[in-house]
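File shown here: entry06.cif, holding mmCIF, C-alpha atoms, pLDDT in the B column; chains and numbers go by the auth columns.
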data_work
#
loop_
_atom_site.group_PDB
_atom_site.id
_atom_site.type_symbol
_atom_site.label_atom_id
_atom_site.label_comp_id
_atom_site.label_asym_id
_atom_site.label_seq_id
_atom_site.Cartn_x
_atom_site.Cartn_y
_atom_site.Cartn_z
_atom_site.B_iso_or_equiv
_atom_site.auth_seq_id
_atom_site.auth_asym_id
ATOM 1 C CA MET A 1 2.542 40.674 -11.503 92.00 43 A
ATOM 2 C CA LYS A 2 0.991 37.322 -12.371 96.00 44 A
ATOM 3 C CA HIS A 3 1.998 34.020 -10.796 97.00 45 A
ATOM 4 C CA VAL A 4 1.936 30.988 -13.085 98.00 46 A
ATOM 5 C CA ILE A 5 2.808 27.378 -12.315 98.00 47 A
ATOM 6 C CA SER A 6 3.971 24.979 -15.015 97.00 48 A
ATOM 7 C CA PHE A 7 2.251 21.680 -14.308 97.00 49 A
ATOM 8 C CA SER A 8 3.523 18.461 -15.907 96.00 50 A
ATOM 9 C CA GLY A 9 1.491 15.926 -13.959 97.00 51 A
ATOM 10 C CA GLY A 10 4.611 14.603 -12.263 97.00 52 A
ATOM 11 C CA LYS A 11 5.262 14.405 -8.538 98.00 53 A
ATOM 12 C CA ASP A 12 7.411 17.555 -8.355 98.00 54 A
ATOM 13 C CA SER A 13 4.974 19.869 -10.106 98.00 55 A
ATOM 14 C CA MET A 14 2.112 18.403 -8.045 98.00 56 A
ATOM 15 C CA ALA A 15 4.059 19.003 -4.843 98.00 57 A
ATOM 16 C CA THR A 16 4.763 22.570 -5.997 98.00 58 A
ATOM 17 C CA LEU A 17 1.064 23.165 -6.598 98.00 59 A
ATOM 18 C CA LEU A 18 0.233 21.808 -3.147 98.00 60 A
ATOM 19 C CA LEU A 19 2.836 24.054 -1.526 97.00 61 A
ATOM 20 C CA MET A 20 1.398 27.103 -3.258 97.00 62 A
ATOM 21 C CA LEU A 21 -2.083 26.194 -2.079 97.00 63 A
ATOM 22 C CA ASP A 22 -0.911 25.392 1.474 96.00 64 A
ATOM 23 C CA HIS A 23 1.043 28.659 1.787 95.00 65 A
ATOM 24 C CA LYS A 24 -1.716 30.648 0.049 96.00 66 A
ATOM 25 C CA ILE A 25 0.656 31.859 -2.668 96.00 67 A
ATOM 26 C CA GLN A 26 -1.093 33.692 -5.472 97.00 68 A
ATOM 27 C CA ILE A 27 -1.907 31.445 -8.449 97.00 69 A
ATOM 28 C CA ASP A 28 -3.196 33.181 -11.570 97.00 70 A
ATOM 29 C CA ASP A 29 -2.888 30.195 -13.877 97.00 71 A
ATOM 30 C CA ILE A 30 -1.826 26.564 -13.988 98.00 72 A
ATOM 31 C CA ILE A 31 -0.498 25.571 -17.397 98.00 73 A
ATOM 32 C CA PHE A 32 0.005 22.152 -18.962 98.00 74 A
ATOM 33 C CA ALA A 33 1.776 21.780 -22.326 97.00 75 A
ATOM 34 C CA ASP A 34 -0.069 19.068 -24.242 96.00 76 A
ATOM 35 C CA THR A 35 2.077 17.418 -26.925 95.00 77 A
ATOM 36 C CA GLY A 36 -0.765 15.180 -28.068 95.00 78 A
ATOM 37 C CA LEU A 37 1.382 12.215 -27.030 96.00 79 A
ATOM 38 C CA GLU A 38 0.299 12.021 -23.404 97.00 80 A
ATOM 39 C CA PHE A 39 -0.933 8.793 -21.881 97.00 81 A
ATOM 40 C CA PRO A 40 -4.743 8.599 -21.599 96.00 82 A
ATOM 41 C CA GLU A 41 -4.175 8.257 -17.855 97.00 83 A
ATOM 42 C CA MET A 42 -2.520 11.682 -17.834 97.00 84 A
ATOM 43 C CA TYR A 43 -5.649 13.374 -19.149 97.00 85 A
ATOM 44 C CA LYS A 44 -7.748 11.596 -16.511 97.00 86 A
ATOM 45 C CA TYR A 45 -5.252 12.692 -13.869 98.00 87 A
ATOM 46 C CA LEU A 46 -5.557 16.339 -14.932 98.00 88 A
ATOM 47 C CA VAL A 47 -9.312 16.151 -14.453 97.00 89 A
ATOM 48 C CA MET A 48 -8.846 14.566 -11.034 97.00 90 A
ATOM 49 C CA VAL A 49 -6.450 17.335 -9.963 98.00 91 A
ATOM 50 C CA GLU A 50 -8.875 19.982 -11.234 98.00 92 A
ATOM 51 C CA GLN A 51 -11.621 18.470 -9.137 97.00 93 A
ATOM 52 C CA TYR A 52 -9.347 18.373 -6.082 96.00 94 A
ATOM 53 C CA ILE A 53 -8.240 22.017 -6.323 96.00 95 A
ATOM 54 C CA GLY A 54 -11.545 23.334 -7.653 96.00 96 A
ATOM 55 C CA ARG A 55 -10.176 25.138 -10.689 95.00 97 A
ATOM 56 C CA LYS A 56 -9.204 24.502 -14.300 97.00 98 A
ATOM 57 C CA ILE A 57 -5.755 23.707 -15.644 98.00 99 A
ATOM 58 C CA THR A 58 -4.984 25.571 -18.869 98.00 100 A
ATOM 59 C CA ARG A 59 -3.992 23.199 -21.687 97.00 101 A
ATOM 60 C CA LEU A 60 -1.482 24.664 -24.127 97.00 102 A
ATOM 61 C CA SER A 61 -0.725 23.230 -27.552 96.00 103 A
ATOM 62 C CA HIS A 62 0.880 24.326 -30.799 94.00 104 A
ATOM 63 C CA PRO A 63 -1.714 25.832 -33.175 91.00 105 A
ATOM 64 C CA SER A 64 -0.339 24.127 -36.294 93.00 106 A
ATOM 65 C CA ARG A 65 2.344 21.623 -35.329 94.00 107 A
ATOM 66 C CA ASN A 66 1.804 18.081 -34.086 95.00 108 A
ATOM 67 C CA PHE A 67 3.812 14.892 -33.882 96.00 109 A
ATOM 68 C CA GLU A 68 2.582 13.498 -37.180 94.00 110 A
ATOM 69 C CA ASN A 69 3.453 16.490 -39.363 94.00 111 A
ATOM 70 C CA LEU A 70 6.796 16.855 -37.595 96.00 112 A
ATOM 71 C CA PHE A 71 7.539 13.132 -38.021 96.00 113 A
ATOM 72 C CA TYR A 72 7.169 13.354 -41.816 96.00 114 A
ATOM 73 C CA GLN A 73 8.716 16.804 -42.224 94.00 115 A
ATOM 74 C CA ARG A 74 11.914 16.739 -44.266 94.00 116 A
ATOM 75 C CA LYS A 75 15.125 18.456 -43.233 91.00 117 A
ATOM 76 C CA ARG A 76 16.021 21.490 -45.314 91.00 118 A
ATOM 77 C CA LYS A 77 19.566 22.094 -44.120 89.00 119 A
ATOM 78 C CA GLY A 78 22.491 20.371 -42.461 85.00 120 A
ATOM 79 C CA ASN A 79 24.006 16.979 -43.205 85.00 121 A
ATOM 80 C CA TYR A 80 20.723 15.165 -43.818 89.00 122 A
ATOM 81 C CA VAL A 81 18.796 17.346 -46.282 92.00 123 A
ATOM 82 C CA GLY A 82 15.683 15.515 -47.512 92.00 124 A
ATOM 83 C CA GLN A 83 15.620 13.096 -44.590 93.00 125 A
ATOM 84 C CA ILE A 84 12.359 13.021 -42.588 94.00 126 A
ATOM 85 C CA TYR A 85 12.577 14.074 -38.957 94.00 127 A
ATOM 86 C CA SER A 86 11.270 10.640 -37.952 96.00 128 A
ATOM 87 C CA PHE A 87 11.385 9.995 -34.213 96.00 129 A
ATOM 88 C CA PRO A 88 12.597 12.762 -31.880 94.00 130 A
ATOM 89 C CA ARG A 89 16.240 12.566 -30.866 89.00 131 A
ATOM 90 C CA VAL A 90 17.541 12.173 -27.308 83.00 132 A
ATOM 91 C CA ARG A 91 19.366 15.471 -27.810 83.00 133 A
ATOM 92 C CA GLY A 92 17.540 18.306 -29.503 82.00 134 A
ATOM 93 C CA CYS A 93 14.122 16.694 -29.100 90.00 135 A
ATOM 94 C CA TYR A 94 11.677 18.444 -31.415 91.00 136 A
ATOM 95 C CA LEU A 95 8.750 17.450 -29.193 92.00 137 A
ATOM 96 C CA GLN A 96 10.287 19.480 -26.395 92.00 138 A
ATOM 97 C CA SER A 97 11.074 22.498 -28.547 93.00 139 A
ATOM 98 C CA TYR A 98 8.002 22.614 -30.823 95.00 140 A
ATOM 99 C CA LEU A 99 5.221 21.043 -28.776 95.00 141 A
ATOM 100 C CA LYS A 100 6.183 22.000 -25.210 95.00 142 A
ATOM 101 C CA MET A 101 8.409 25.049 -25.021 94.00 143 A
ATOM 102 C CA ALA A 102 6.998 26.933 -28.029 96.00 144 A
ATOM 103 C CA PRO A 103 3.389 26.949 -26.731 96.00 145 A
ATOM 104 C CA ILE A 104 4.584 27.927 -23.247 96.00 146 A
ATOM 105 C CA LYS A 105 6.701 30.789 -24.575 95.00 147 A
ATOM 106 C CA ARG A 106 3.846 31.981 -26.778 96.00 148 A
ATOM 107 C CA TYR A 107 1.472 31.933 -23.799 96.00 149 A
ATOM 108 C CA LYS A 108 3.877 33.802 -21.530 95.00 150 A
ATOM 109 C CA ARG A 109 4.345 36.553 -24.098 94.00 151 A
ATOM 110 C CA THR A 110 0.634 37.299 -23.786 95.00 152 A
ATOM 111 C CA ILE A 111 0.416 37.667 -20.004 95.00 153 A
ATOM 112 C CA GLY A 112 2.941 40.422 -19.338 93.00 154 A
ATOM 113 C CA PRO A 113 5.154 40.499 -16.216 95.00 155 A
ATOM 114 C CA HIS A 114 4.948 37.249 -14.305 97.00 156 A
ATOM 115 C CA ILE A 115 6.665 34.805 -11.985 97.00 157 A
ATOM 116 C CA SER A 116 6.867 31.233 -13.231 97.00 158 A
ATOM 117 C CA TYR A 117 6.925 28.389 -10.675 98.00 159 A
ATOM 118 C CA LEU A 118 8.667 25.164 -11.693 97.00 160 A
ATOM 119 C CA GLY A 119 8.931 21.801 -9.958 97.00 161 A
ATOM 120 C CA ILE A 120 12.689 21.508 -9.490 97.00 162 A
ATOM 121 C CA ALA A 121 13.693 19.492 -6.433 97.00 163 A
ATOM 122 C CA TYR A 122 16.567 20.195 -4.056 97.00 164 A
ATOM 123 C CA ASP A 123 18.516 17.229 -5.451 96.00 165 A
ATOM 124 C CA GLU A 124 18.490 18.797 -8.931 96.00 166 A
ATOM 125 C CA PRO A 125 20.964 21.675 -8.433 95.00 167 A
ATOM 126 C CA GLU A 126 22.050 21.801 -12.086 95.00 168 A
ATOM 127 C CA ARG A 127 18.485 22.433 -13.228 95.00 169 A
ATOM 128 C CA TYR A 128 18.052 25.046 -10.515 96.00 170 A
ATOM 129 C CA THR A 129 21.082 27.031 -11.669 96.00 171 A
ATOM 130 C CA ARG A 130 19.468 27.388 -15.118 95.00 172 A
ATOM 131 C CA LEU A 131 16.386 29.185 -13.797 95.00 173 A
ATOM 132 C CA GLY A 132 15.661 32.622 -15.215 92.00 174 A
ATOM 133 C CA LYS A 133 15.216 35.792 -13.191 93.00 175 A
ATOM 134 C CA ASN A 134 11.453 35.452 -13.126 95.00 176 A
ATOM 135 C CA GLU A 135 11.438 31.724 -12.337 97.00 177 A
ATOM 136 C CA ARG A 136 11.177 30.110 -8.900 97.00 178 A
ATOM 137 C CA SER A 137 11.292 26.641 -7.426 97.00 179 A
ATOM 138 C CA LEU A 138 9.606 26.345 -4.043 97.00 180 A
ATOM 139 C CA LEU A 139 10.881 22.786 -3.695 98.00 181 A
ATOM 140 C CA TYR A 140 14.478 23.913 -3.978 97.00 182 A
ATOM 141 C CA GLU A 141 13.943 26.911 -1.709 97.00 183 A
ATOM 142 C CA LEU A 142 12.436 24.630 0.959 97.00 184 A
ATOM 143 C CA LYS A 143 15.132 21.971 0.412 97.00 185 A
ATOM 144 C CA MET A 144 12.598 19.341 -0.649 98.00 186 A
ATOM 145 C CA THR A 145 14.025 16.418 -2.616 98.00 187 A
ATOM 146 C CA GLN A 146 12.234 14.286 -5.199 97.00 188 A
ATOM 147 C CA THR A 147 11.660 11.719 -2.453 97.00 189 A
ATOM 148 C CA ASP A 148 10.040 14.412 -0.326 98.00 190 A
ATOM 149 C CA SER A 149 7.791 15.368 -3.241 98.00 191 A
ATOM 150 C CA MET A 150 6.748 11.764 -3.743 97.00 192 A
ATOM 151 C CA ALA A 151 5.929 11.361 -0.045 98.00 193 A
ATOM 152 C CA MET A 152 3.918 14.592 0.074 97.00 194 A
ATOM 153 C CA VAL A 153 1.842 13.763 -2.987 98.00 195 A
ATOM 154 C CA GLU A 154 1.270 10.162 -1.893 97.00 196 A
ATOM 155 C CA GLU A 155 0.125 11.351 1.533 97.00 197 A
ATOM 156 C CA ARG A 156 -2.569 13.492 -0.120 95.00 198 A
ATOM 157 C CA GLY A 157 -3.660 10.600 -2.356 96.00 199 A
ATOM 158 C CA LEU A 158 -2.696 12.579 -5.459 97.00 200 A
ATOM 159 C CA LEU A 159 0.119 10.523 -6.970 97.00 201 A
ATOM 160 C CA ASN A 160 -0.215 10.108 -10.727 98.00 202 A
ATOM 161 C CA PRO A 161 -1.208 6.453 -11.388 97.00 203 A
ATOM 162 C CA LEU A 162 1.387 6.265 -14.164 97.00 204 A
ATOM 163 C CA TYR A 163 4.050 5.984 -11.459 97.00 205 A
ATOM 164 C CA GLN A 164 2.987 2.401 -10.880 96.00 206 A
ATOM 165 C CA TYR A 165 4.600 1.671 -14.246 96.00 207 A
ATOM 166 C CA PHE A 166 7.240 4.332 -14.811 95.00 208 A
ATOM 167 C CA ASP A 167 9.919 6.104 -12.768 93.00 209 A
ATOM 168 C CA ARG A 168 9.600 9.297 -14.809 92.00 210 A
ATOM 169 C CA LEU A 169 6.668 10.630 -16.785 94.00 211 A
ATOM 170 C CA GLY A 170 6.544 12.108 -20.258 92.00 212 A
ATOM 171 C CA CYS A 171 5.356 11.405 -23.782 95.00 213 A
ATOM 172 C CA TRP A 172 4.646 7.734 -24.322 96.00 214 A
ATOM 173 C CA LEU A 173 7.206 7.498 -27.149 94.00 215 A
ATOM 174 C CA CYS A 174 9.865 9.668 -25.475 92.00 216 A
ATOM 175 C CA PRO A 175 13.310 8.530 -26.736 87.00 217 A
ATOM 176 C CA GLN A 176 14.846 9.407 -23.382 89.00 218 A
ATOM 177 C CA GLN A 177 12.971 6.648 -21.591 93.00 219 A
ATOM 178 C CA SER A 178 14.843 3.469 -20.761 94.00 220 A
ATOM 179 C CA ILE A 179 14.556 0.068 -22.419 95.00 221 A
ATOM 180 C CA LYS A 180 12.747 -0.970 -19.243 95.00 222 A
ATOM 181 C CA SER A 181 10.124 1.722 -19.818 96.00 223 A
ATOM 182 C CA PHE A 182 9.593 0.674 -23.423 97.00 224 A
ATOM 183 C CA ARG A 183 9.123 -2.903 -22.202 97.00 225 A
ATOM 184 C CA LYS A 184 6.427 -1.704 -19.794 97.00 226 A
ATOM 185 C CA LEU A 185 4.801 0.336 -22.547 97.00 227 A
ATOM 186 C CA ARG A 186 4.496 -2.817 -24.667 97.00 228 A
ATOM 187 C CA ARG A 187 3.187 -4.900 -21.770 96.00 229 A
ATOM 188 C CA HIS A 188 0.725 -2.519 -20.161 97.00 230 A
ATOM 189 C CA PHE A 189 -0.289 -0.225 -23.049 97.00 231 A
ATOM 190 C CA PRO A 190 -0.626 -2.492 -26.107 97.00 232 A
ATOM 191 C CA GLY A 191 -2.699 0.083 -28.005 97.00 233 A
ATOM 192 C CA LEU A 192 0.056 2.672 -27.762 98.00 234 A
ATOM 193 C CA TRP A 193 2.659 0.047 -28.626 98.00 235 A
ATOM 194 C CA TYR A 194 0.666 -0.776 -31.752 98.00 236 A
ATOM 195 C CA GLN A 195 0.848 2.898 -32.741 97.00 237 A
ATOM 196 C CA LEU A 196 4.578 2.916 -32.064 98.00 238 A
ATOM 197 C CA MET A 197 5.031 -0.148 -34.257 98.00 239 A
ATOM 198 C CA PHE A 198 3.249 1.681 -37.095 97.00 240 A
ATOM 199 C CA TYR A 199 5.557 4.698 -36.830 97.00 241 A
ATOM 200 C CA GLY A 200 8.522 2.357 -36.529 97.00 242 A
ATOM 201 C CA LYS A 201 7.629 0.826 -39.903 97.00 243 A
ATOM 202 C CA GLU A 202 7.172 4.300 -41.390 97.00 244 A
ATOM 203 C CA ALA A 203 10.578 5.355 -40.053 96.00 245 A
ATOM 204 C CA GLU A 204 12.252 2.327 -41.628 96.00 246 A
ATOM 205 C CA LYS A 205 10.365 2.930 -44.874 95.00 247 A
ATOM 206 C CA TYR A 206 11.417 6.560 -45.295 92.00 248 A
ATOM 207 C CA ALA A 207 14.727 6.711 -43.421 89.00 249 A
ATOM 208 C CA GLN A 208 17.764 7.249 -45.614 87.00 250 A
ATOM 209 C CA TYR A 209 20.086 6.595 -42.688 90.00 251 A
ATOM 210 C CA ARG A 210 19.898 3.916 -40.015 93.00 252 A
ATOM 211 C CA ARG A 211 19.905 6.435 -37.149 92.00 253 A
ATOM 212 C CA PHE A 212 16.603 7.925 -38.359 93.00 254 A
ATOM 213 C CA ALA A 213 14.935 4.513 -38.282 95.00 255 A
ATOM 214 C CA GLU A 214 15.785 4.110 -34.593 96.00 256 A
ATOM 215 C CA ILE A 215 13.520 5.024 -31.671 95.00 257 A
ATOM 216 C CA LYS A 216 16.568 4.846 -29.379 92.00 258 A
ATOM 217 C CA PRO A 217 20.231 4.815 -30.338 91.00 259 A
ATOM 218 C CA GLY A 218 20.927 1.282 -31.532 93.00 260 A
ATOM 219 C CA TRP A 219 17.302 0.110 -31.576 95.00 261 A
ATOM 220 C CA THR A 220 14.457 0.258 -34.076 97.00 262 A
ATOM 221 C CA VAL A 221 10.939 -0.356 -32.777 97.00 263 A
ATOM 222 C CA ALA A 222 10.845 -3.708 -34.570 97.00 264 A
ATOM 223 C CA GLU A 223 14.088 -4.768 -32.889 97.00 265 A
ATOM 224 C CA LEU A 224 12.751 -3.787 -29.483 97.00 266 A
ATOM 225 C CA ASP A 225 9.558 -5.722 -30.162 97.00 267 A
ATOM 226 C CA ALA A 226 11.536 -8.821 -31.160 97.00 268 A
ATOM 227 C CA ARG A 227 13.719 -8.485 -28.071 97.00 269 A
ATOM 228 C CA PHE A 228 10.728 -8.218 -25.746 96.00 270 A
ATOM 229 C CA GLU A 229 8.983 -11.135 -27.461 95.00 271 A
ATOM 230 C CA LEU A 230 12.071 -13.299 -26.955 95.00 272 A
ATOM 231 C CA GLU A 231 12.365 -12.242 -23.310 93.00 273 A
ATOM 232 C CA ASP A 232 8.698 -13.092 -22.720 90.00 274 A
ATOM 233 C CA ARG A 233 9.167 -16.529 -24.256 89.00 275 A
ATOM 234 C CA GLN A 234 12.254 -17.176 -22.158 87.00 276 A
ATOM 235 C CA LEU A 235 10.360 -16.106 -19.048 79.00 277 A
ATOM 236 C CA CYS A 236 7.471 -18.432 -19.885 71.00 278 A
ATOM 237 C CA LEU A 237 9.890 -21.296 -20.478 67.00 279 A
ATOM 238 C CA PHE A 238 11.600 -20.589 -17.160 53.00 280 A
ATOM 239 C CA ASP A 239 8.246 -20.622 -15.352 56.00 281 A
ATOM 240 C CA GLU A 240 7.308 -23.903 -17.015 54.00 282 A
ATOM 241 C CA LEU A 241 10.615 -25.439 -15.946 56.00 283 A
ATOM 242 C CA LYS A 242 10.060 -24.250 -12.371 59.00 284 A
ATOM 243 C CA GLU A 243 6.600 -25.783 -12.342 59.00 285 A
ATOM 244 C CA GLY A 244 8.013 -29.009 -13.733 56.00 286 A
ATOM 245 C CA VAL A 245 10.628 -29.196 -10.981 51.00 287 A
ATOM 246 C CA ALA A 246 8.014 -28.434 -8.336 52.00 288 A
#
Take the structure in the file and write it out as structure tokens.
Amino acid sequence: MKHVISFSGGKDSMATLLLMLDHKIQIDDIIFADTGLEFPEMYKYLVMVEQYIGRKITRLSHPSRNFENLFYQRKRKGNYVGQIYSFPRVRGCYLQSYLKMAPIKRYKRTIGPHISYLGIAYDEPERYTRLGKNERSLLYELKMTQTDSMAMVEERGLLNPLYQYFDRLGCWLCPQQSIKSFRKLRRHFPGLWYQLMFYGKEAEKYAQYRRFAEIKPGWTVAELDARFELEDRQLCLFDELKEGVA
């Protein structure tokens, strides 16, 4: 029986890895599903973790699918035949299904009987109830919350540096992230924002329906960019007024 941990680079999976090492639980492999849309800092973090634990993390990816070919792929059935996939949806995210879960499932089919360890905290009971028979969460079993995970990882000096910007980690264009996160993406990662602006223009160019031009429900990338630009100008004006009063 093999023991495999799914590692996302977040605090909960890092805490799970530390628990397995501390309690000398068998680890046959550490897997990371690479969508190709990870922050550059995530790849650096993986290397840092590898150096800390003294072993490699297995990167998994889809052999033929990637964000770009999925973005331009046209729907063949349903209510929107001919429409490009465009950005992933909040529900039914194709990045999750094609670029994360599919490579993981393919990998697990090759290793035979195994136990899969997932970073599900004690304050995530709904996620815990969805675990399969061969899946475990040490965090939940030990009643460790997300706050406990954060404290444990910080204490070891292993907190992912992306947490200084974001509350949750994922693909840099994840539609589930908040407006606040998109604002931070634009401010702190201008190169990635430039890429997002390009795909935003492509979405508007090829979208037959408004919803497929949107990165988030109600917002295109261009509209978010205009909003953030206006907010920055208002903030600058406010600062100038404060200085004038002072």
When you draw a straight line from atom CA of Met194 of chain A to atom CA of Gly78 of chain A, how long is it in Å?
28.5 Å
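Using the PyMOL selection byres ((chain A and resi 108) around 9) on the file at hand returns these residues: Thr77, Gly78, Ser103, His104, Pro105, Ser106, Arg107, Phe109, Glu110, Asn111, Leu112, Phe113, Leu137, Tyr140 and Leu141 of chain A.
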Name the residues captured by the PyMOL selection byres ((chain A and resi 181) around 7) when it is applied to the shown file; answer as a PyMOL selection string.
chain A and resi 58+161-164+179-180+182-186
Extract, using only C-alpha atoms, all DNA, RNA and protein residues at most 9 Å from Arg210 of chain A, discarding same-chain residues fewer than 6 positions from it, and format them as a PyMOL selection string.
chain A and resi 52+204+219
So the first atom is atom CA of Pro130 of chain A and the second is atom CA of Phe231 of chain A; what is the distance between them in Å, to one decimal place?
20.3 Å
Go through segment 96-215 of chain A residue by residue and, counting all atoms listed in the file, keep those with an atom at most 12 Å from segment 262-272 of chain A; for each kept residue give the shortest atom pair and its distance in Å to one decimal, ordered by chain and increasing number, as a Markdown table.
| residue | atom | partner | partner_atom | distance |
| --- | --- | --- | --- | --- |
| A:Ser128 | CA | A:Thr262 | CA | 11.5 |
| A:Phe129 | CA | A:Thr262 | CA | 10.2 |
| A:Leu215 | CA | A:Val263 | CA | 10.4 |
Mind giving me the straight-line distance from atom CA of Lys117 of chain A to atom CA of Val132 of chain A in Å, one decimal?
17.3 Å
Box for segment 251-265 of chain A - axis-aligned, 4 Å on each of the six sides, all listed atoms - centre and size in Å to one decimal, as JSON.
{"center_x": 15.9, "center_y": 1.6, "center_z": -36.0, "size_x": 18.1, "size_y": 20.7, "size_z": 21.3}
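The closest residue to Met43 of chain A, picked from A:Asp70, A:Glu177, A:Pro82, A:Val91 and counting only C-alpha atoms, is A:Asp70.
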If you apply the PyMOL selection byres ((chain A and resi 256) around 12) to this file, what residues do you get, as a ChimeraX atom specification?
/A:127-132,215,217,238-239,241-255,257-266
Residues within 12 Å of Ile67 of chain A, please, as a list of chain:residue names. Count all atoms listed in the file; anything in the same chain fewer than 5 positions from it doesn't count.
A:Lys44, A:His45, A:Val46, A:Ile47, A:Thr58, A:Leu59, A:Leu60, A:Leu61, A:Met62, A:Ile157, A:Tyr159, A:Leu180
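Shortest atom-to-atom contact with Asp64 of chain A among A:Arg178, A:Met84, A:Ile95, A:Asp76: A:Ile95, counting all atoms listed in the file.
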Nearest residue to Gln218 of chain A from the set A:Tyr94, A:Gln138, A:Tyr85, A:Ser50 (distances using all atoms listed in the file)
A:Gln138
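Using only C-alpha atoms, the shortest contact distance between Cys216 of chain A and any of A:Phe74, A:Lys147, A:Arg169, A:Tyr136 is found at A:Tyr136.
Minimum atom-to-atom distance to Tyr114 of chain A, evaluated using only C-alpha atoms, belongs to A:Ile126 out of A:Glu166, A:His65, A:Phe208, A:Ile126.
Excluding Phe49 of chain A and any residue on its chain fewer than 2 positions from it, the residues at most 6 Å away by all atoms listed in the file are Gly51, Ser55, Ile73 and Phe74 of chain A.
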Which residues are close to Arg97 of chain A, i.e. within 12 Å by all atoms listed in the file, leaving aside same-chain residues fewer than 4 positions away? Reply as a list in words.
Leu63, Ile69, Asp70, Asp71, Ile72, Ile73, Leu88, Val89, Met90, Val91, Glu92 and Gln93 of chain A
